[in-house]
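> Could you have a look at this structure, given as structure tokens, before my questions?
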Amino acid sequence: MAIKTIRPMTPGQRGMTTQDFSSITTKKPLKSLIVINKGAKGRNNQGRITTRHKGGGVRKFYRLVNFNMAKGVTATVEHIEYDPNRSARIARVKEDNGNYHYVLAPKNLRIGAVIECNDEASIEVGNRLPLKNIPTGSSIYAIELTMGKGAQAVRSAGLGAQLVAKDGDYAQVKMPSGEIRKVHVECMANIGVIGNDQHQNIKIGKAGRNRKKGIRPTVRGVVMNAVDHPHGGGDGGRHKMARPPVTPWGQLTLGYKTRRRKSTNKFIVRSRHQAKRK
């Protein structure tokens with residue numbers, strides 16, 4: 001995928017770039033695999049804002065992506081489609097019995113390709129099989145972390161993990177963040193790297209484009225009044241904060257550890273922070 005530069009007809013388009021949709025083969029999603037998406041827009045069941053800076057956005061249907069395809073399934077790729085709910089492309093596949101599914105589309109997946117999901121599937125792009133049957137050093141995505149739960153990790157555009165080693169009942173997987181993590185060898189994963197790898201290089205260009213994505217404006221705390229934010233107040237002009245960066249409610253933001261599921265620390269062989277130091 002390439003990045004397309006827009007001919008600037010307005011000031012807001014001067015630095016804007018957009019995706020190349022040449023890989024998309026159809027603009028019409030399958031009606032049986034879409035549902036109405038009524039987002040909460042950052043509100044809870046009482047209508048109160050619990051996540052700031054969310055709201056608006058264009059209407060879009062949610063695509064029912066199958067992250068846990070049953071073993072023994074063989075399907076043919078019919079179309080590569082755009083999914084407004086995720087950065088990756090999705091592929092419409094058809095089983096031999098006529099059932100349709102949406103799956104994440106890896107890089108270099110072509111229309112007419114046959115993908116398999118079973119223990120003895122061949123090592124080809126898009127096929128899904130247990131880690132115990134995947135050669136060491138292979139690139140994988142859509143990885144199960146809990147057996148039978150379906151794809152949980154490595155699902156965004158351009159991402160791919162690497163199967164580093166196998167030791168007994170566990171395999172070591174190097175995540176895109178650099179973290180090396182133990183995953184049970186019976187967990188499933190797909191072969192390849194997720195497509196649309198230039199997604200991160202797109203330049204939004206103007207504020208209105210973010211509003212269409214459902215992202216509302218963010219105001220810095222240092223320009224607020226003291227009553228509205230801990231960083232606010234002062235005698236005017238630019239000044240340094242007299243305290244560490246915090247949220248409007250005083251919660252530390254930089255360097256403050258927020259990880260709560262410490263029960264899974266035993267599966268982390270090397271953290272992503274250690275990988276960055278080397």
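Residue names in the structure tokens use chain letters A, B, ... in the order shown, residue numbers from 1 in each chain, and ligand numbers from 1 in the order shown.
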Just the residues within 8 Å of region 259-271 of chain A, please, counting only C-alpha atoms, with nothing from its chain fewer than 6 positions along; format it as number ranges by chain.

A: 172, 178-183

> Emit the selected residues as a compact mmCIF listing (two decimals), in the first residue's frame, including C-alpha atoms.


```txt
# COMPACT_ATOMS: atom_id res chain seq x y z
CA GLN A 172 8.24 -17.66 23.24
CA GLY A 178 9.64 -5.85 21.74
CA GLU A 179 8.20 -7.82 24.66
CA ILE A 180 8.97 -11.53 24.67
CA ARG A 181 6.05 -13.49 26.06
CA LYS A 182 5.26 -17.13 26.77
CA VAL A 183 2.22 -18.51 24.96
```

> Can you list, as a list in words, every protein, DNA or RNA residue that comes within 10 Å of Asp197 (chain A) when you count only C-alpha atoms, leaving out same-chain residues fewer than 6 positions away?

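Non-adjacent residues within range: Met1, Ala2, Ser87, Ala88, Pro106, Lys107, Ser156, Ala157, Gly158 and Leu159 of chain A.
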
> Would you save the residues of that selection, restricted to C-alpha atoms, as a compact mmCIF listing (two decimals), in the first residue's frame?


```
# COMPACT_ATOMS: atom_id res chain seq x y z
CA MET A 1 0.00 0.00 0.00
CA ALA A 2 1.21 3.50 -0.86
CA SER A 87 -6.83 -0.01 10.82
CA ALA A 88 -6.38 -3.39 9.11
CA PRO A 106 -2.56 -10.27 5.86
CA LYS A 107 -0.07 -8.69 3.52
CA SER A 156 -3.64 -3.90 13.93
CA ALA A 157 -2.40 -2.77 10.54
CA GLY A 158 1.22 -3.55 9.71
CA LEU A 159 1.85 -5.62 12.84
```

> Tell me which protein, DNA and RNA residues are within 8 Å of region 131-141 of chain A, counting only C-alpha atoms, leaving out same-chain ones fewer than 3 positions away, and put them as a short mmCIF file (atom, residue, chain, number, x, y, z; two decimals) with N, CA and C atoms, in the first residue's frame.


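For reference, out-v4.cif as written:
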```cif
data_model
loop_
_atom_site.label_atom_id
_atom_site.label_comp_id
_atom_site.auth_asym_id
_atom_site.auth_seq_id
_atom_site.Cartn_x
_atom_site.Cartn_y
_atom_site.Cartn_z
N ASP A 119 -4.78 -28.24 12.33
CA ASP A 119 -3.47 -28.54 12.92
C ASP A 119 -2.41 -28.82 11.88
N GLU A 120 -2.80 -29.33 10.72
CA GLU A 120 -1.83 -29.74 9.70
C GLU A 120 -1.83 -28.81 8.49
N ILE A 123 2.30 -24.07 5.74
CA ILE A 123 2.86 -22.80 6.23
C ILE A 123 2.79 -21.78 5.10
N ALA A 153 -4.14 -10.86 20.34
CA ALA A 153 -2.98 -9.97 20.21
C ALA A 153 -2.57 -9.88 18.74
N VAL A 154 -1.92 -8.77 18.40
CA VAL A 154 -1.35 -8.51 17.06
C VAL A 154 -2.49 -8.53 16.03
N ARG A 155 -3.34 -7.49 16.07
CA ARG A 155 -4.48 -7.43 15.18
C ARG A 155 -4.55 -6.12 14.40
N LEU A 159 1.20 -4.93 11.73
CA LEU A 159 1.85 -5.62 12.84
C LEU A 159 2.13 -7.08 12.51
N GLY A 160 3.17 -7.58 13.15
CA GLY A 160 3.53 -8.99 13.04
C GLY A 160 4.43 -9.36 14.20
N ALA A 161 4.18 -10.49 14.81
CA ALA A 161 5.03 -11.00 15.88
C ALA A 161 5.94 -12.08 15.30
N GLN A 162 6.93 -12.50 16.10
CA GLN A 162 7.86 -13.54 15.65
C GLN A 162 7.90 -14.66 16.67
N LEU A 163 7.78 -15.88 16.17
CA LEU A 163 7.90 -17.04 17.02
C LEU A 163 9.38 -17.30 17.25
N VAL A 164 9.85 -17.04 18.48
CA VAL A 164 11.29 -17.06 18.77
C VAL A 164 11.77 -18.46 19.14
N ALA A 165 11.04 -19.14 20.02
CA ALA A 165 11.52 -20.44 20.50
C ALA A 165 10.34 -21.24 21.05
N LYS A 166 10.59 -22.54 21.25
CA LYS A 166 9.61 -23.44 21.88
C LYS A 166 10.32 -24.22 22.98
N ALA A 171 5.63 -21.61 24.06
CA ALA A 171 6.47 -21.01 23.03
C ALA A 171 6.74 -19.56 23.42
N HIS A 184 1.08 -20.63 25.26
CA HIS A 184 0.93 -22.09 25.20
C HIS A 184 0.99 -22.56 23.75
N VAL A 185 1.66 -23.67 23.52
CA VAL A 185 1.88 -24.15 22.15
C VAL A 185 0.59 -24.60 21.48
N GLU A 186 -0.47 -24.84 22.25
CA GLU A 186 -1.75 -25.23 21.65
C GLU A 186 -2.55 -24.02 21.16
N CYS A 187 -2.12 -22.81 21.50
CA CYS A 187 -2.81 -21.61 21.04
C CYS A 187 -2.62 -21.42 19.54
N MET A 188 -3.62 -20.86 18.90
CA MET A 188 -3.62 -20.70 17.45
C MET A 188 -3.04 -19.34 17.05
N ALA A 189 -2.53 -19.30 15.82
CA ALA A 189 -2.02 -18.05 15.26
C ALA A 189 -2.04 -18.16 13.74
N ASN A 190 -2.08 -17.02 13.08
CA ASN A 190 -2.06 -16.98 11.62
C ASN A 190 -0.64 -16.73 11.12
N ILE A 191 -0.36 -17.22 9.94
CA ILE A 191 0.95 -17.03 9.31
C ILE A 191 0.95 -15.72 8.53
N GLY A 192 1.99 -14.92 8.73
CA GLY A 192 2.15 -13.70 7.95
C GLY A 192 2.15 -12.44 8.80
N VAL A 193 2.03 -11.31 8.11
CA VAL A 193 2.00 -9.98 8.73
C VAL A 193 0.74 -9.28 8.23
N ILE A 194 0.06 -8.56 9.11
CA ILE A 194 -1.17 -7.87 8.71
C ILE A 194 -0.85 -6.77 7.70
#
```

> What parts of region 74-232 of chain A does DSSP call alpha helix (DSSP H)? I'd like the answer as a PyMOL selection string.

chain A and resi 207-212

> Find the residue from A:His239, A:Ile215, A:Val93, A:Met224 that sits nearest to Thr51 (chain A); use only C-alpha atoms when measuring.

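When distances to Thr51 (chain A) are compared using only C-alpha atoms, the smallest one comes from A:Ile215.
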
> With only C-alpha atoms as the counted atoms, please give the residues lying no more than 10 Å from Val246 (chain A), apart from itself and same-chain residues fewer than 2 positions off, as number ranges by chain.

A: 221, 229-231, 243-244, 248-254, 256

> Considering only C-alpha atoms, return as an MDAnalysis selection string whatever protein or nucleic-acid residues lie within 7 Å of Leu104 (chain A), sequence-local ones (same chain, fewer than 4 positions apart) excluded.

chainID A and resid 88:91

> Any chance you could export the current selection's C-alpha atoms as a PDB file, in the first residue's frame?


```
ATOM      1  CA  ALA A  88      -6.377  -3.390   9.112  1.00  0.00           C
ATOM      2  CA  ARG A  89      -8.121  -4.557   5.963  1.00  0.00           C
ATOM      3  CA  ILE A  90     -10.535  -7.469   6.159  1.00  0.00           C
ATOM      4  CA  ALA A  91     -11.037 -10.351   3.745  1.00  0.00           C
TER       5      ALA A  91
END
```

> Please compute the CA of Met147 (chain A)-CA of Ala75 (chain A) distance, one decimal, in Å.

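So the two atoms, CA of Met147 (chain A) and CA of Ala75 (chain A), lie 22.4 Å apart.
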
> Need to verify the contact set: Asn66 (chain A), 7 Å, only C-alpha atoms, exclusion of same-chain residues closer than 2 positions in sequence. Can you return it as a list in words?

Leu64, Asn68, Met69, His101, Tyr102 and Val103 of chain A

> How many Å lie between CA of Arg52 (chain A) and CA of Gly15 (chain A), rounded to one decimal?

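Pair CA of Arg52 (chain A) / CA of Gly15 (chain A) returns 27.0 Å.
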
> Kindly indicate which residue among A:Ile202, A:Gly195, A:Thr76, A:Arg59 lies nearest to Ile111 (chain A), using only C-alpha atoms for the distances.

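Of A:Ile202, A:Gly195, A:Thr76, A:Arg59, the one nearest Ile111 (chain A), counting only C-alpha atoms, is A:Thr76.
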